[in-house]
file query17.pdb (PDB, C-alpha atoms)
MODEL        1
ATOM      1  CA  MET A   1     100.588 -53.680  11.300
ATOM      2  CA  ALA A   2     102.709 -50.647  10.381
ATOM      3  CA  GLN A   3     100.258 -48.338  12.161
ATOM      4  CA  PHE A   4     100.482 -50.445  15.307
ATOM      5  CA  LEU A   5     104.297 -50.263  15.285
ATOM      6  CA  ASP A   6     104.191 -46.491  14.749
ATOM      7  CA  LYS A   7     101.782 -46.071  17.672
ATOM      8  CA  ALA A   8     103.980 -48.281  19.855
ATOM      9  CA  LYS A   9     107.104 -46.271  18.933
ATOM     10  CA  ASN A  10     105.330 -42.973  19.646
ATOM     11  CA  PHE A  11     104.078 -44.282  23.003
ATOM     12  CA  VAL A  12     107.546 -45.424  24.085
ATOM     13  CA  ALA A  13     109.171 -42.193  22.849
ATOM     14  CA  GLU A  14     106.618 -40.110  24.761
ATOM     15  CA  LYS A  15     107.095 -42.087  27.991
ATOM     16  CA  ILE A  16     110.883 -41.986  27.777
ATOM     17  CA  GLY A  17     110.791 -38.264  26.933
ATOM     18  CA  ASN A  18     108.879 -37.586  30.165
ATOM     19  CA  ILE A  19     111.241 -39.541  32.439
ATOM     20  CA  LYS A  20     113.068 -37.371  34.956
ATOM     21  CA  LYS A  21     116.713 -36.924  34.132
ATOM     22  CA  PRO A  22     119.664 -35.644  36.163
ATOM     23  CA  GLU A  23     120.344 -31.914  35.911
ATOM     24  CA  ALA A  24     123.725 -30.229  36.180
ATOM     25  CA  THR A  25     125.195 -26.736  36.479
ATOM     26  CA  VAL A  26     128.730 -25.372  36.520
ATOM     27  CA  THR A  27     129.099 -23.628  39.883
ATOM     28  CA  ASP A  28     132.697 -22.362  39.676
ATOM     29  CA  VAL A  29     135.731 -22.220  37.408
ATOM     30  CA  SER A  30     139.010 -21.111  38.989
ATOM     31  CA  PHE A  31     142.746 -21.764  39.110
ATOM     32  CA  LYS A  32     143.458 -24.680  41.427
ATOM     33  CA  SER A  33     147.226 -24.960  41.306
ATOM     34  CA  VAL A  34     150.337 -24.131  39.352
ATOM     35  CA  THR A  35     153.075 -26.616  38.473
ATOM     36  CA  ARG A  36     156.404 -26.204  36.701
ATOM     37  CA  ASP A  37     154.882 -26.783  33.256
ATOM     38  CA  SER A  38     151.176 -25.979  33.531
ATOM     39  CA  ALA A  39     148.306 -24.387  35.394
ATOM     40  CA  ILE A  40     145.393 -26.484  36.629
ATOM     41  CA  VAL A  41     141.964 -24.939  36.155
ATOM     42  CA  ASN A  42     139.296 -26.519  38.345
ATOM     43  CA  ALA A  43     135.665 -26.677  37.208
ATOM     44  CA  LYS A  44     133.078 -27.492  39.871
ATOM     45  CA  ILE A  45     129.833 -29.106  38.754
ATOM     46  CA  SER A  46     126.688 -29.630  40.810
ATOM     47  CA  VAL A  47     124.577 -32.576  39.584
ATOM     48  CA  SER A  48     121.168 -33.480  41.011
ATOM     49  CA  ASN A  49     119.965 -37.089  40.734
ATOM     50  CA  PRO A  50     116.153 -37.541  40.846
ATOM     51  CA  TYR A  51     116.415 -41.328  41.267
ATOM     52  CA  SER A  52     116.568 -43.196  44.581
ATOM     53  CA  THR A  53     119.556 -45.254  43.413
ATOM     54  CA  SER A  54     123.003 -44.068  42.451
ATOM     55  CA  ILE A  55     123.751 -43.543  38.764
ATOM     56  CA  PRO A  56     127.203 -44.299  37.328
ATOM     57  CA  ILE A  57     128.991 -41.505  35.495
ATOM     58  CA  CYS A  58     130.526 -42.870  32.302
ATOM     59  CA  GLU A  59     132.810 -39.928  31.534
ATOM     60  CA  ILE A  60     133.187 -36.183  31.538
ATOM     61  CA  SER A  61     134.666 -34.598  28.429
ATOM     62  CA  TYR A  62     135.771 -30.969  28.396
ATOM     63  CA  THR A  63     137.053 -28.246  26.110
ATOM     64  CA  LEU A  64     138.436 -24.938  27.390
ATOM     65  CA  LYS A  65     138.559 -22.107  24.853
ATOM     66  CA  SER A  66     139.910 -18.581  24.939
ATOM     67  CA  ALA A  67     140.127 -16.009  22.161
ATOM     68  CA  ASN A  68     138.214 -18.447  19.906
ATOM     69  CA  ARG A  69     141.017 -21.005  20.318
ATOM     70  CA  GLU A  70     141.018 -24.323  22.097
ATOM     71  CA  ILE A  71     143.555 -24.156  24.906
ATOM     72  CA  ALA A  72     142.805 -27.480  26.628
ATOM     73  CA  SER A  73     140.627 -30.535  26.076
ATOM     74  CA  GLY A  74     140.339 -34.037  27.384
ATOM     75  CA  LYS A  75     138.238 -36.685  29.048
ATOM     76  CA  MET A  76     137.844 -37.815  32.609
ATOM     77  CA  PRO A  77     136.813 -41.491  32.356
ATOM     78  CA  ASP A  78     134.799 -43.148  35.141
ATOM     79  CA  PRO A  79     134.680 -40.244  37.627
ATOM     80  CA  GLY A  80     132.379 -42.130  40.032
ATOM     81  CA  SER A  81     128.627 -42.035  40.486
ATOM     82  CA  LEU A  82     125.797 -39.710  41.438
ATOM     83  CA  LYS A  83     124.253 -40.267  44.874
ATOM     84  CA  GLY A  84     120.590 -41.276  44.889
ATOM     85  CA  ASN A  85     118.039 -38.497  45.608
ATOM     86  CA  ASP A  86     120.872 -36.077  46.260
ATOM     87  CA  THR A  87     123.136 -33.475  44.721
ATOM     88  CA  THR A  88     126.685 -34.548  43.910
ATOM     89  CA  LEU A  89     129.542 -32.064  43.565
ATOM     90  CA  LEU A  90     132.153 -32.998  40.983
ATOM     91  CA  GLU A  91     135.527 -31.415  40.303
ATOM     92  CA  VAL A  92     137.032 -31.532  36.832
ATOM     93  CA  PRO A  93     140.733 -30.580  36.691
ATOM     94  CA  VAL A  94     141.761 -29.053  33.345
ATOM     95  CA  LYS A  95     145.511 -28.904  32.676
ATOM     96  CA  VAL A  96     146.567 -25.836  30.663
ATOM     97  CA  PRO A  97     150.221 -25.781  29.472
ATOM     98  CA  TYR A  98     152.151 -22.540  30.004
ATOM     99  CA  SER A  99     153.032 -22.438  26.307
ATOM    100  CA  ILE A 100     149.352 -21.892  25.537
ATOM    101  CA  LEU A 101     148.991 -19.252  28.249
ATOM    102  CA  LEU A 102     151.941 -17.369  26.767
ATOM    103  CA  SER A 103     150.267 -17.392  23.350
ATOM    104  CA  LEU A 104     147.335 -15.571  24.983
ATOM    105  CA  ALA A 105     149.678 -12.806  26.201
ATOM    106  CA  ARG A 106     147.751 -10.091  24.353
ATOM    107  CA  ASP A 107     144.609 -10.806  26.429
ATOM    108  CA  LEU A 108     146.675 -11.208  29.593
ATOM    109  CA  ALA A 109     148.495  -7.899  29.173
ATOM    110  CA  LYS A 110     145.246  -5.905  29.359
ATOM    111  CA  ASP A 111     143.842  -7.053  32.687
ATOM    112  CA  TRP A 112     145.743 -10.150  33.919
ATOM    113  CA  ASP A 113     142.820 -12.454  33.255
ATOM    114  CA  ILE A 114     141.704 -14.893  30.579
ATOM    115  CA  ASP A 115     138.268 -14.729  29.005
ATOM    116  CA  TYR A 116     137.143 -18.338  28.637
ATOM    117  CA  VAL A 117     134.386 -20.631  27.429
ATOM    118  CA  LEU A 118     134.269 -24.053  29.070
ATOM    119  CA  VAL A 119     132.232 -26.761  27.332
ATOM    120  CA  LEU A 120     131.544 -29.918  29.357
ATOM    121  CA  ASP A 121     129.677 -33.093  28.422
ATOM    122  CA  LEU A 122     128.651 -35.201  31.413
ATOM    123  CA  THR A 123     127.635 -38.711  30.296
ATOM    124  CA  VAL A 124     125.673 -40.861  32.744
ATOM    125  CA  ASP A 125     124.196 -44.355  32.402
ATOM    126  CA  LEU A 126     120.436 -44.066  33.007
ATOM    127  CA  PRO A 127     118.327 -47.164  33.622
ATOM    128  CA  ILE A 128     116.258 -48.196  30.564
ATOM    129  CA  ILE A 129     117.453 -45.217  28.488
ATOM    130  CA  GLY A 130     121.180 -46.015  28.479
ATOM    131  CA  ASN A 131     123.902 -43.398  28.090
ATOM    132  CA  PHE A 132     122.583 -39.853  28.462
ATOM    133  CA  THR A 133     124.763 -36.774  27.940
ATOM    134  CA  ILE A 134     124.178 -33.523  29.798
ATOM    135  CA  PRO A 135     125.795 -30.622  27.890
ATOM    136  CA  LEU A 136     127.110 -27.721  29.984
ATOM    137  CA  THR A 137     128.698 -24.412  29.033
ATOM    138  CA  ALA A 138     130.267 -21.769  31.258
ATOM    139  CA  LYS A 139     131.678 -18.386  30.225
ATOM    140  CA  GLY A 140     133.657 -15.930  32.281
ATOM    141  CA  GLU A 141     137.062 -14.603  33.255
ATOM    142  CA  LEU A 142     139.841 -16.488  35.002
ATOM    143  CA  LYS A 143     142.011 -14.243  37.127
ATOM    144  CA  LEU A 144     145.583 -15.421  36.909
ATOM    145  CA  PRO A 145     147.447 -15.891  40.188
ATOM    146  CA  SER A 146     149.924 -13.144  40.931
ATOM    147  CA  PHE A 147     153.525 -13.796  41.901
ATOM    148  CA  SER A 148     152.673 -13.212  45.568
ATOM    149  CA  ASP A 149     149.917 -15.888  45.331
ATOM    150  CA  LEU A 150     152.509 -18.431  44.219
ATOM    151  CA  ILE A 151     154.771 -17.826  47.233
TER     152      ILE A 151
ENDMDL
END
call {"tool": "encode", "arguments": {"input": "query17.pdb", "output": "structure tokens"}}
result
Amino acid sequence: MAQFLDKAKNFVAEKIGNIKKPEATVTDVSFKSVTRDSAIVNAKISVSNPYSTSIPICEISYTLKSANREIASGKMPDPGSLKGNDTTLLEVPVKVPYSILLSLARDLAKDWDIDYVLVLDLTVDLPIIGNFTIPLTAKGELKLPSFSDLI
């Protein structure tokens, strides 16, 4: 009986492992806007859905790091759903307080940009499988807006 259960588990694991899953990429990370107390960094994500029906997105969690320090993190609960047999573009706004930007002044003084690592976890609710998390990472430089850009 134990052998039968092991074979059944292996069969199910193999079939589930071969099921198509959504794929995602970070297409852009840039400054979106500036407020009195923070800067909003906007991450754009392209997600392809191989299924004919829409798939609900449970949440998107994010962490923005610079100089090996976390400068912003949070979650975006229930950001919508992925269109069936299509590519969905998502925008994730990341709020970065000015106090943190000022602490990165050493990096800013060199070239007026911030070297960053953005870690995103996109969790979707797949049929049969349940919650499935797509990990994403983007690295690059964020050019800070100049004074003339703000006017």
call {"tool": "residues_around", "arguments": {"input": "query17.pdb", "residues": "A:Lys44", "least_positions_apart": "5", "cutoff": "6 Å", "atoms": "all atoms listed in the file", "output": "list in words"}}
result
Val26, Thr27, Asp28, Leu90 and Glu91 of chain A
call {"tool": "closest_atom_pairs", "arguments": {"input": "query17.pdb", "of": "stretch 75-140 of chain A", "to": "stretch 35-39 of chain A", "cutoff": "7 Å", "atoms": "all atoms listed in the file", "output": "CSV"}}
result
residue,atom,partner,partner_atom,distance
A:Lys95,CA,A:Ala39,CA,6.0
A:Val96,CA,A:Ala39,CA,5.2
A:Pro97,CA,A:Ser38,CA,4.2
A:Tyr98,CA,A:Ser38,CA,5.0
call {"tool": "resolve_selection", "arguments": {"input": "query17.pdb", "expression": "the PyMOL selection byres ((chain A and resi 79) around 12)", "output": "VMD selection string"}}
result
chain A and resid 55 to 61 75 to 78 80 to 82 88 to 93 122 to 124
call {"tool": "residues_around", "arguments": {"input": "query17.pdb", "residues": "A:Ile40", "least_positions_apart": "5", "cutoff": "6 Å", "atoms": "only C-alpha atoms", "output": "ChimeraX atom specification"}}
result
/A:31-33,94-95
call {"tool": "atom_distance", "arguments": {"input": "query17.pdb", "atom1": "atom CA of A:Lys21", "atom2": "atom CA of A:Ser54"}}
result
12.6 Å
call {"tool": "closest_residue", "arguments": {"input": "query17.pdb", "among": "A:Thr87, A:Val34, A:Thr63, A:Val29", "to": "A:Leu120", "atoms": "only C-alpha atoms"}}
result
A:Thr63
call {"tool": "resolve_selection", "arguments": {"input": "query17.pdb", "expression": "the PyMOL selection byres ((chain A and resi 137) around 6)", "output": "VMD selection string"}}
result
chain A and resid 118 to 119 136 138
call {"tool": "atom_distance", "arguments": {"input": "query17.pdb", "atom1": "atom CA of A:Pro127", "atom2": "atom CA of A:Ser46"}}
result
20.7 Å
call {"tool": "build_atoms", "arguments": {"input": "query17.pdb", "residues": "stretch 26-40 of chain A", "atoms": "N, CA and C atoms", "output": "mmCIF file, keeping the file's coordinate frame"}}
result
data_model
loop_
_atom_site.group_PDB
_atom_site.id
_atom_site.type_symbol
_atom_site.label_atom_id
_atom_site.label_comp_id
_atom_site.auth_asym_id
_atom_site.auth_seq_id
_atom_site.Cartn_x
_atom_site.Cartn_y
_atom_site.Cartn_z
ATOM 1 N N VAL A 26 127.350 -25.709 36.172
ATOM 2 C CA VAL A 26 128.730 -25.372 36.520
ATOM 3 C C VAL A 26 128.655 -24.291 37.587
ATOM 4 N N THR A 27 129.199 -24.583 38.771
ATOM 5 C CA THR A 27 129.099 -23.628 39.883
ATOM 6 C C THR A 27 130.319 -22.723 40.008
ATOM 7 N N ASP A 28 131.493 -23.178 39.532
ATOM 8 C CA ASP A 28 132.697 -22.362 39.676
ATOM 9 C C ASP A 28 133.772 -22.849 38.718
ATOM 10 N N VAL A 29 134.542 -21.917 38.205
ATOM 11 C CA VAL A 29 135.731 -22.220 37.408
ATOM 12 C C VAL A 29 136.832 -21.312 37.932
ATOM 13 N N SER A 30 137.924 -21.910 38.421
ATOM 14 C CA SER A 30 139.010 -21.111 38.989
ATOM 15 C C SER A 30 140.331 -21.863 38.886
ATOM 16 N N PHE A 31 141.440 -21.121 39.090
ATOM 17 C CA PHE A 31 142.746 -21.764 39.110
ATOM 18 C C PHE A 31 142.873 -22.571 40.390
ATOM 19 N N LYS A 32 143.296 -23.807 40.263
ATOM 20 C CA LYS A 32 143.458 -24.680 41.427
ATOM 21 C C LYS A 32 144.907 -24.673 41.896
ATOM 22 N N SER A 33 145.811 -24.904 40.942
ATOM 23 C CA SER A 33 147.226 -24.960 41.306
ATOM 24 C C SER A 33 148.092 -24.637 40.098
ATOM 25 N N VAL A 34 149.362 -24.444 40.385
ATOM 26 C CA VAL A 34 150.337 -24.131 39.352
ATOM 27 C C VAL A 34 151.497 -25.098 39.532
ATOM 28 N N THR A 35 151.922 -25.719 38.440
ATOM 29 C CA THR A 35 153.075 -26.616 38.473
ATOM 30 C C THR A 35 154.192 -25.993 37.639
ATOM 31 N N ARG A 36 155.280 -26.731 37.482
ATOM 32 C CA ARG A 36 156.404 -26.204 36.701
ATOM 33 C C ARG A 36 156.054 -26.004 35.240
ATOM 34 N N ASP A 37 155.157 -26.843 34.689
ATOM 35 C CA ASP A 37 154.882 -26.783 33.256
ATOM 36 C C ASP A 37 153.459 -26.399 32.883
ATOM 37 N N SER A 38 152.571 -26.272 33.876
ATOM 38 C CA SER A 38 151.176 -25.979 33.531
ATOM 39 C C SER A 38 150.428 -25.356 34.703
ATOM 40 N N ALA A 39 149.238 -24.882 34.381
ATOM 41 C CA ALA A 39 148.306 -24.387 35.394
ATOM 42 C C ALA A 39 147.094 -25.313 35.372
ATOM 43 N N ILE A 40 146.558 -25.616 36.533
ATOM 44 C CA ILE A 40 145.393 -26.484 36.629
ATOM 45 C C ILE A 40 144.176 -25.606 36.912
#
